[in-house]
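One structure is given here, and the rest of the page talks about it.
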Amino acid sequence: MTDKSTASELTDEEINKMSLKEVWQNKKLVRSEFIAGTTGFFAIMYVIFVNPQIVAATHIPTQLETFATIFASAFGCILGGFLSNTPMIIVPGMGINALFSYTIAESMHFTWQATLAVSLVSSLLYAALTFTPLIDKIADAINDSMKNAINVGIGLFLTFTALKGVGFIVSDKSNFIKFGDLRSPVLLLTLLGILLTMFFHIKGKAWGMIASMAIVTVIALITGNATNTHAIAYSDFANWGTIIFKQSFVFPSWVKFLIATFSMLMLMIFEGVGITKGYVKGQKKIKRTLQATGLANIFASLVGSSPSVDAAETGSALAAGAKTGISAITTGIWFLASLVLIPIIGYIPSCATASIIILTGSLMMMDVKGIDNNDFSSWFPAFLIIFTIPFTGSISTGMAMGFIAYPIAKICSGKVKDLNSVNVIIAILFALSLAVTAFAA
C-alpha cells in the first residue's frame with residue numbers, strides 16, 4: 001500500500017487496517033471521507049433542532065440546550081473519529097432523550113439538575129463498563145426480541161408525544177383521545193411536513209428532513225402559525241454556564257434515583273452495543289467506539305445535554321462511502337460550523353419538527369421485524385414493553401414489565417435453557433424497583 005493508492009484501489013479490509021495518519025496522507029480517500037461525513041451530517045443535523053424541543057420538558061431553557069446539543073454532538077463525533085477511527089456518528093439520541101425528559105424529569109418529577117445527575121452517573125457506569133468485557137456479556141445475554149421491543153415502544157411513545165404536541169390527537173372524555181381539528185393551521189402544516197418527510201425519505205435524500213422542516217417553517221412564519229418558537233441569539237451563549245456542571249443529587253427519593261439510573265444504563269447498553277456491532281467491523285474498533293460513546297455521554301451530561309448514542313444515521317455516511325474516522329471528524333466539524341444557524345434555529349416551530357420525530361418513531365418501529373413472533377414466550381414480554389411504554393408514558397416501567405415477564409414466560413413454556421443469570425438478575429432488579437416504588441408512593 002502506498003500513499004499514491006486511490007480510494008477506489010484500496011479494499012475495505014486494507015482501509016480498515018489503516019491508521020488515521022495513513023488515511024490522512026491519502027488525499028483521494030480523505031476527499032471521499034469528507035463527502036461521506038458531510039452526507040452523514042445532513043442526515044443527523046435534525047438533532048440540533050429536535051433535541052432541544054424534547055429536552056424542554058425538563059425545563060432546561062431551549063436556547064441553552066441548543067448550544068449543549070451542538071457541542072455534545074461535535075465532541076462525540078470528533079472524539080469517536082480520533083479514538084476509534086470509525087465513521088460512527090455519536091450525538092444526543094432520540095429515544096434516550098425521551099427517557100431523560102418525559103420519564104425521569106416529567107413522570108418521576110426530577111428537576112433538570114437531578115436529571116443531569118442521573119445521566120452523569122449512568123454515563124460514568126457505562127463508560128467504566130466499556131473498558132471491561134462485561135458490557136458485551138450483558139448485551140449479548142439479552143434476547144434480541146427484548147432489545148427490539150424497547151426501540152419499538154420508544155418509537156410509539158415519541159410518535160404519540162409529537163402528535164399530541166401539535167394537536168394531531170387531543171383528549172376526549174368518551175374515547176380518551178381522538179383526532180384533532182382539521183381546521184387547525186398547525187395540524188395542516190404538520191400533515192404537510194409528514195408528507196414531505198415521507199417523500200424525501202422514500203427518495204433516499206439525506207437532506208430530506210432538513211428540507212421538509214425548512215419548507216414548513218417558512219410557510220408557518222409567513223402565515224403566522226409558528227408556535228412554540230424561542231428566539232436564540234449569540235448573546236445567549238453567555239448564559240450557557242448556567243446549565244454546565246449543574247448536577248444536583250437532591251432527588252424525589254433515592255429509590256427513584258436508582259431506578260432511573262438503572263433504566264438509563266440499560267438503554268445505553270442496548271442501543272450502543274447493538275448499533276455499533278451492526279456498523280463497525282473488528283472487535284478492537286467496536287470496543288473503542290463504545291469507549292468513545294461512554295466518554296461522550298459524560299461530556300454531554302456535564303455541558304447540560306441529554307445522553308449521546310451511536311446514531312443509526314451513520315448508515316447514511318456509510319452508504320456515501322464512509323470507512324474511517326475522517327468521516328466522523330468531518331461530521332463533528334460541521335456541527336461546530338452549524339453555530340452560524342443559531343439566529344434562525346429558534347424560529348423553527350413544533351409543527352416543523354413533529355414530522356422528523358414521527359419519521360424517527362416509524363424507523364424505530366421497524367425493529368418489530370426483529371421480534372420472534374413464532375415463540376410466544378419471547379413475543380409476549382416484548383409485547384408488554386411495546387404497549388406499556390406509550391400507554392404509561394414511562395420507558396422504565398415498560399422495560400420493567402417486559403424484563404420481569406421474560407423469565408416467567410420462559411419457565412412456563414419449559415424453555416428454561418433460554419435463560420441466563422443476566423436475565424434473572426435484571427428481572428429481579430426491575431421487580432424490586434416496581435415494588436419499592438409502589439410501597440413508597
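Please note that chains go A, B, ... in the order of the C-alpha cells, that every chain numbers its residues from 1, and that ligands are numbered from 1 in the order shown.
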
Write out as a ChimeraX atom specification each polymer residue whose atoms come within 9 Å of region 368-379 of chain A, counting only C-alpha atoms; drop sequence neighbours fewer than 2 positions from it.
/A:143-149,151-152,364-366,381-384,405-413,415

Contacts of Gln63 (chain A) within 12 Å, only C-alpha atoms, excl. fewer than 2 positions in-chain, as a PyMOL selection string:
chain A and resi 48-49+51-53+55-56+59-61+65-70+229-240+242-243+304-305+342-347

Hey, can you spit out that residue selection with C-alpha atoms as a short mmCIF file (atom, residue, chain, number, x, y, z; two decimals), in the first residue's frame?
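And here is the file that came out, part-v2.cif:
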data_model
loop_
_atom_site.label_atom_id
_atom_site.label_comp_id
_atom_site.auth_asym_id
_atom_site.auth_seq_id
_atom_site.Cartn_x
_atom_site.Cartn_y
_atom_site.Cartn_z
CA ILE A 48 -29.84 20.38 16.62
CA PHE A 49 -33.47 21.42 16.20
CA ASN A 51 -33.36 17.52 20.76
CA PRO A 52 -33.78 20.92 22.49
CA GLN A 53 -37.54 20.79 21.92
CA VAL A 55 -35.42 18.27 26.42
CA ALA A 56 -37.57 21.37 27.04
CA HIS A 59 -37.33 22.93 31.89
CA ILE A 60 -33.78 23.36 30.62
CA PRO A 61 -34.08 26.54 28.50
CA GLU A 65 -29.93 23.27 25.26
CA THR A 66 -29.30 24.15 21.61
CA PHE A 67 -25.70 25.09 22.43
CA ALA A 68 -25.36 21.96 24.60
CA THR A 69 -26.64 19.75 21.76
CA ILE A 70 -24.27 21.25 19.19
CA THR A 229 -40.70 29.20 18.98
CA HIS A 230 -37.88 30.63 21.10
CA ALA A 231 -35.62 33.36 19.80
CA ILE A 232 -31.97 32.35 20.17
CA ALA A 233 -29.15 34.87 19.97
CA TYR A 234 -25.40 34.53 20.18
CA SER A 235 -25.62 36.57 23.37
CA ASP A 236 -27.43 33.59 24.96
CA PHE A 237 -24.12 31.75 24.87
CA ALA A 238 -23.06 33.88 27.84
CA ASN A 239 -25.79 32.13 29.88
CA TRP A 240 -24.79 28.62 28.82
CA THR A 242 -25.97 28.24 33.98
CA ILE A 243 -26.54 24.62 32.87
CA GLY A 304 -26.21 20.16 30.02
CA SER A 305 -27.31 17.79 27.25
CA ILE A 342 -28.16 29.96 15.82
CA PRO A 343 -30.16 33.11 14.88
CA ILE A 344 -32.72 31.06 12.89
CA ILE A 345 -32.91 27.84 14.93
CA GLY A 346 -35.27 29.33 17.49
CA TYR A 347 -37.83 30.25 14.83
#

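Take CA of Leu258 (chain A) and CA of Leu434 (chain A): the distance between them is 11.5 Å.
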
Using only C-alpha atoms, which residue out of A:Ser212, A:Thr39, A:Thr324, A:Ser433 lies closest to Lys17 (chain A)?
A:Thr324

Extract, using only C-alpha atoms, all DNA, RNA and protein residues at most 6 Å from region 103-116 of chain A, discarding same-chain residues fewer than 2 positions from it, and format them as a PyMOL selection string.
chain A and resi 58+99-101+118-119+246-249+301+394

Those same residues, written as a PDB file, in the first residue's frame with N, CA and C atoms?
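Result went into out00.pdb, see below:
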ATOM      1  N   THR A  58     -37.860  19.085  30.478  1.00  0.00           N
ATOM      2  CA  THR A  58     -37.148  19.092  31.764  1.00  0.00           C
ATOM      3  C   THR A  58     -37.068  20.488  32.352  1.00  0.00           C
ATOM      4  N   LEU A  99     -36.488   9.147  27.479  1.00  0.00           N
ATOM      5  CA  LEU A  99     -36.336   8.644  28.847  1.00  0.00           C
ATOM      6  C   LEU A  99     -35.867   9.771  29.755  1.00  0.00           C
ATOM      7  N   PHE A 100     -34.895  10.521  29.293  1.00  0.00           N
ATOM      8  CA  PHE A 100     -34.318  11.644  30.026  1.00  0.00           C
ATOM      9  C   PHE A 100     -35.384  12.696  30.362  1.00  0.00           C
ATOM     10  N   SER A 101     -36.201  13.038  29.362  1.00  0.00           N
ATOM     11  CA  SER A 101     -37.132  14.163  29.502  1.00  0.00           C
ATOM     12  C   SER A 101     -38.509  13.777  30.031  1.00  0.00           C
ATOM     13  N   VAL A 118     -28.535  12.002  37.128  1.00  0.00           N
ATOM     14  CA  VAL A 118     -28.824  10.613  36.730  1.00  0.00           C
ATOM     15  C   VAL A 118     -28.054  10.270  35.459  1.00  0.00           C
ATOM     16  N   SER A 119     -28.075  11.191  34.504  1.00  0.00           N
ATOM     17  CA  SER A 119     -27.364  10.983  33.248  1.00  0.00           C
ATOM     18  C   SER A 119     -25.862  10.843  33.484  1.00  0.00           C
ATOM     19  N   LYS A 246     -24.055  21.490  36.514  1.00  0.00           N
ATOM     20  CA  LYS A 246     -25.119  21.848  37.470  1.00  0.00           C
ATOM     21  C   LYS A 246     -25.864  20.620  38.000  1.00  0.00           C
ATOM     22  N   GLN A 247     -25.213  19.476  37.997  1.00  0.00           N
ATOM     23  CA  GLN A 247     -25.850  18.264  38.516  1.00  0.00           C
ATOM     24  C   GLN A 247     -26.218  18.435  39.992  1.00  0.00           C
ATOM     25  N   SER A 248     -27.412  17.998  40.312  1.00  0.00           N
ATOM     26  CA  SER A 248     -27.880  18.047  41.704  1.00  0.00           C
ATOM     27  C   SER A 248     -28.227  16.634  42.171  1.00  0.00           C
ATOM     28  N   PHE A 249     -27.765  16.299  43.361  1.00  0.00           N
ATOM     29  CA  PHE A 249     -28.057  14.970  43.904  1.00  0.00           C
ATOM     30  C   PHE A 249     -29.172  15.033  44.950  1.00  0.00           C
ATOM     31  N   SER A 301     -23.508  15.148  29.571  1.00  0.00           N
ATOM     32  CA  SER A 301     -24.146  15.452  30.855  1.00  0.00           C
ATOM     33  C   SER A 301     -23.542  16.696  31.491  1.00  0.00           C
ATOM     34  N   SER A 394     -44.004   5.932  30.397  1.00  0.00           N
ATOM     35  CA  SER A 394     -42.788   5.660  31.162  1.00  0.00           C
ATOM     36  C   SER A 394     -41.978   4.559  30.489  1.00  0.00           C
TER      37      SER A 394
END

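If only C-alpha atoms are the atoms counted, then among A:Ile169, A:Ala206, A:Leu188, A:Leu124 the closest residue to Met264 (chain A) is A:Leu124.
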
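Computed from the coordinates, the CA of Ile90 (chain A) to CA of Val303 (chain A) distance equals 15.4 Å.
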